[in-house]
Each structure stands twice: as structure tokens, then as C-alpha cells.
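Since the structure comes first, as C-alpha cells, the remarks are kept for the end.
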Amino acid sequence: MNKFLKFFGGLFLLLLVVIGIAAAIFIPKGVALDKDAVAYIETNVPLIVATWNSEELLTRAAPEILQPGAKQQMSDLFAWFSKLGKLQKLHQPVGRVGTGVYPGSQFNGTWGDYVANADFEGGAAQIKVVLRRNGDGWQIMGFHVNSPGLLPSKN
């Protein structure tokens with residue numbers, strides 16, 4: 001019985017050491033990727049929504065966005081978003097970075113899923129940005145704007 005406990009105690013200790021080493025490697029990488037993704041969003045979202053020009057999004061888009069007919073659909077969508085007016089403030093994005101298969105898609109790699117609240121002339125909005133890591137940079141895989149200011153007014 002004593003040998004049995006020593007064996008499993010040693011195995012448990014080895015497991016703790018492996019977990020500690022993995023955490024020491026992966027946690028700093030995850031924190032660095034998160035900071036990089038947040039900085040990307042804080043830099044690029046204001047450029048995209050400044051004039052509500054869909055071309056600004058398309059130049060930063062991942063291949064998943066660039067489907068046939070997407071350019072015209074995006075142009076129409078951005079014309080609708082322009083009802084919000086000029087960006088007054090973009091709050092810090094909140095979200096996470098992950099590696100593996102992005103939930104609900106076939107994308108496999110490093111991705112970020114963030115939401116940033118924003119204040120526009122026409123009201124508050126929530127901007128959801130899904131990023132994919134491409135080499136040393138990010139590309140936008142999803143861009144969604146939700147705002148009561150986009151709803152038809154009850155006149």
C-alpha cells in the first residue's frame with residue numbers, strides 16, 4: 001500500500017509540475033495577445049466608423065467576410081449605420097482571445113472575440129468585433145453594430 005501511495009503521489013507531483021510549466025508559458029502569451037487585440041480594435045474601429053465607409057472594413061477583413069456580393073451588402077449596411085453619426089467615444093473593448101476552433105465557425109487558429117461600447121452623435125451602440133490572427137497581425141472576421149439609434153422611430 002505504501003508503494004502504491006508513493007507512486008501516485010509522485011505522479012500527482014509530476015502532473016502539478018507540468019501544469020505549472022504550461023501555465024508559465026501560455027498565460028503570458030495569452031495576456032500579450034489580448035493586449036495586442038485590444039490595441040488593434042482601439043486603433044482600427046475608430047477608422048472604420050469615422051466616415052462609415054465599408055471600404056475601411058474591407059481593407060482589414062479576413063477572407064471569411066469577403067464572400068461574393070459582400071461588398072455591396074456591406075456598403076448598404078454601412079449607409080444604414082451612418083444614421084448613428086460621428087463617433088464621440090469608443091470605450092475599452094472587453095473580450096477574450098482563444099486558440100482552436102472559433103465557436104460556430106470552421107475557423108481554426110488564434111482568434112479574439114470582443115465587444116466595445118461606443119457613443120455616437122445618434123446614441124449609444126455596442127460594437128462586436130471578431131478577430132483572427134494572421135501571422136503577426138489581426139484581421140476582422142466579424143463586425144456587428146447594435147444600437148437603439150438604428151431602430152425606426154415611432155412618429
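A note on labels: chains of the C-alpha cells are A, B, ... as shown, every chain counts residues from 1, and ligands are counted from 1 in their shown order.
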DSSP-assigned helix (DSSP H, G or I) among chain A, expressed as a PyMOL selection string:
chain A and resi 2-49+54-58+70-84+148-150
Save out the residues we just selected, C-alpha atoms, as an mmCIF file, in the first residue's frame.
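Generated output (result.cif):
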```cif
data_model
loop_
_atom_site.group_PDB
_atom_site.id
_atom_site.type_symbol
_atom_site.label_atom_id
_atom_site.label_comp_id
_atom_site.auth_asym_id
_atom_site.auth_seq_id
_atom_site.Cartn_x
_atom_site.Cartn_y
_atom_site.Cartn_z
ATOM 1 C CA ASN A 2 2.888 2.360 0.845
ATOM 2 C CA LYS A 3 4.491 1.885 -2.622
ATOM 3 C CA PHE A 4 1.119 2.498 -4.220
ATOM 4 C CA LEU A 5 0.699 5.845 -2.401
ATOM 5 C CA LYS A 6 4.270 6.908 -3.213
ATOM 6 C CA PHE A 7 3.734 6.112 -6.894
ATOM 7 C CA PHE A 8 0.510 8.096 -7.168
ATOM 8 C CA GLY A 9 1.931 10.893 -5.004
ATOM 9 C CA GLY A 10 4.913 11.164 -7.383
ATOM 10 C CA LEU A 11 2.591 11.048 -10.385
ATOM 11 C CA PHE A 12 0.453 13.814 -8.884
ATOM 12 C CA LEU A 13 3.558 15.917 -8.191
ATOM 13 C CA LEU A 14 4.742 15.425 -11.782
ATOM 14 C CA LEU A 15 1.321 16.480 -13.052
ATOM 15 C CA LEU A 16 1.458 19.664 -10.936
ATOM 16 C CA VAL A 17 4.917 20.499 -12.307
ATOM 17 C CA VAL A 18 3.727 20.009 -15.916
ATOM 18 C CA ILE A 19 0.672 22.201 -15.290
ATOM 19 C CA GLY A 20 2.868 24.871 -13.691
ATOM 20 C CA ILE A 21 5.271 24.906 -16.649
ATOM 21 C CA ALA A 22 2.388 25.064 -19.142
ATOM 22 C CA ALA A 23 0.810 27.950 -17.231
ATOM 23 C CA ALA A 24 4.135 29.806 -17.122
ATOM 24 C CA ILE A 25 4.371 29.510 -20.911
ATOM 25 C CA PHE A 26 0.781 30.036 -22.054
ATOM 26 C CA ILE A 27 -0.592 32.658 -19.645
ATOM 27 C CA PRO A 28 1.918 35.392 -20.628
ATOM 28 C CA LYS A 29 1.327 34.626 -24.335
ATOM 29 C CA GLY A 30 -2.432 34.909 -23.829
ATOM 30 C CA VAL A 31 -2.107 38.198 -21.947
ATOM 31 C CA ALA A 32 0.144 39.602 -24.697
ATOM 32 C CA LEU A 33 -2.308 38.516 -27.427
ATOM 33 C CA ASP A 34 -5.207 40.073 -25.501
ATOM 34 C CA LYS A 35 -3.386 43.407 -25.183
ATOM 35 C CA ASP A 36 -2.486 43.298 -28.870
ATOM 36 C CA ALA A 37 -6.091 42.537 -29.905
ATOM 37 C CA VAL A 38 -7.482 45.340 -27.720
ATOM 38 C CA ALA A 39 -4.942 47.789 -29.186
ATOM 39 C CA TYR A 40 -5.908 46.670 -32.712
ATOM 40 C CA ILE A 41 -9.588 47.309 -32.019
ATOM 41 C CA GLU A 42 -8.938 50.675 -30.330
ATOM 42 C CA THR A 43 -6.891 51.782 -33.348
ATOM 43 C CA ASN A 44 -8.942 50.367 -36.205
ATOM 44 C CA VAL A 45 -12.600 50.601 -35.150
ATOM 45 C CA PRO A 46 -12.488 54.437 -34.998
ATOM 46 C CA LEU A 47 -11.046 54.443 -38.539
ATOM 47 C CA ILE A 48 -13.847 52.171 -39.750
ATOM 48 C CA VAL A 49 -16.706 54.128 -38.144
ATOM 49 C CA SER A 54 -17.292 49.994 -45.709
ATOM 50 C CA GLU A 55 -14.002 50.065 -47.638
ATOM 51 C CA GLU A 56 -12.242 50.764 -44.331
ATOM 52 C CA LEU A 57 -13.582 47.463 -43.018
ATOM 53 C CA LEU A 58 -12.849 45.579 -46.220
ATOM 54 C CA ALA A 70 -20.426 41.142 -49.605
ATOM 55 C CA LYS A 71 -19.047 44.453 -50.852
ATOM 56 C CA GLN A 72 -22.477 45.780 -51.905
ATOM 57 C CA GLN A 73 -24.213 44.373 -48.834
ATOM 58 C CA MET A 74 -21.610 45.964 -46.586
ATOM 59 C CA SER A 75 -21.966 49.290 -48.375
ATOM 60 C CA ASP A 76 -25.746 49.210 -47.827
ATOM 61 C CA LEU A 77 -25.298 48.183 -44.198
ATOM 62 C CA PHE A 78 -22.807 50.970 -43.534
ATOM 63 C CA ALA A 79 -25.173 53.506 -45.109
ATOM 64 C CA TRP A 80 -27.718 52.372 -42.505
ATOM 65 C CA PHE A 81 -25.115 52.515 -39.691
ATOM 66 C CA SER A 82 -24.288 56.104 -40.702
ATOM 67 C CA LYS A 83 -27.577 57.130 -39.027
ATOM 68 C CA LEU A 84 -25.570 56.966 -35.791
ATOM 69 C CA PRO A 148 -31.383 51.517 -30.387
ATOM 70 C CA GLY A 149 -30.490 54.503 -32.589
ATOM 71 C CA LEU A 150 -30.740 52.226 -35.629
#
```
As a PyMOL selection string, list the residues of stretch 91-143 of chain A assigned to strand (DSSP E or B) by DSSP on the backbone atoms of this structure.
chain A and resi 94-101+108-120+123-134+137-143
Can you pull out the residues contacting A:Ala62? Cut-off 12 Å, using only C-alpha atoms, and skip same-chain residues under 4 positions away; I want them as an MDAnalysis selection string.
chainID A and resid 57:58 66:67 107 111 129:134 137:143
Take the residues from that selection and put them in a file with N, CA and C atoms, as a short mmCIF file (atom, residue, chain, number, x, y, z; two decimals), in the first residue's frame.
```
data_model
loop_
_atom_site.label_atom_id
_atom_site.label_comp_id
_atom_site.auth_asym_id
_atom_site.auth_seq_id
_atom_site.Cartn_x
_atom_site.Cartn_y
_atom_site.Cartn_z
N LEU A 57 -13.46 48.80 -43.59
CA LEU A 57 -13.58 47.46 -43.02
C LEU A 57 -13.01 46.43 -43.98
N LEU A 58 -13.31 46.57 -45.24
CA LEU A 58 -12.85 45.58 -46.22
C LEU A 58 -11.33 45.50 -46.29
N LEU A 66 -15.12 38.26 -46.96
CA LEU A 66 -15.08 38.61 -48.37
C LEU A 66 -15.79 37.58 -49.25
N GLN A 67 -17.06 37.38 -49.00
CA GLN A 67 -17.88 36.47 -49.79
C GLN A 67 -18.41 37.22 -51.02
N PHE A 107 -13.36 28.24 -38.65
CA PHE A 107 -12.04 28.84 -38.48
C PHE A 107 -11.29 28.13 -37.36
N TRP A 111 -7.92 33.47 -32.33
CA TRP A 111 -8.99 34.43 -32.59
C TRP A 111 -9.25 35.27 -31.36
N VAL A 129 -16.64 42.80 -32.32
CA VAL A 129 -15.60 42.55 -33.31
C VAL A 129 -15.01 41.17 -33.06
N VAL A 130 -14.98 40.36 -34.10
CA VAL A 130 -14.34 39.06 -34.03
C VAL A 130 -13.09 39.16 -34.89
N LEU A 131 -11.96 38.82 -34.29
CA LEU A 131 -10.68 38.91 -34.97
C LEU A 131 -10.10 37.52 -35.21
N ARG A 132 -9.25 37.43 -36.22
CA ARG A 132 -8.45 36.22 -36.42
C ARG A 132 -7.00 36.64 -36.53
N ARG A 133 -6.14 35.85 -35.98
CA ARG A 133 -4.70 36.12 -36.03
C ARG A 133 -4.18 35.62 -37.37
N ASN A 134 -3.46 36.49 -38.07
CA ASN A 134 -2.87 36.14 -39.34
C ASN A 134 -1.40 36.54 -39.28
N GLY A 137 -0.27 39.77 -37.23
CA GLY A 137 -1.31 40.79 -37.18
C GLY A 137 -2.69 40.19 -37.01
N TRP A 138 -3.67 41.07 -37.02
CA TRP A 138 -5.07 40.67 -36.86
C TRP A 138 -5.85 41.03 -38.11
N GLN A 139 -6.90 40.29 -38.37
CA GLN A 139 -7.87 40.60 -39.42
C GLN A 139 -9.26 40.52 -38.79
N ILE A 140 -10.18 41.29 -39.34
CA ILE A 140 -11.55 41.30 -38.81
C ILE A 140 -12.35 40.19 -39.50
N MET A 141 -12.87 39.30 -38.67
CA MET A 141 -13.64 38.16 -39.15
C MET A 141 -15.14 38.39 -38.95
N GLY A 142 -15.49 39.35 -38.10
CA GLY A 142 -16.88 39.70 -37.85
C GLY A 142 -16.97 41.10 -37.28
N PHE A 143 -17.98 41.85 -37.72
CA PHE A 143 -18.16 43.24 -37.27
C PHE A 143 -19.66 43.49 -37.18
#
```
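For the pair atom CA of A:Thr110 and atom CA of A:Ala61, the interatomic distance is 15.3 Å.
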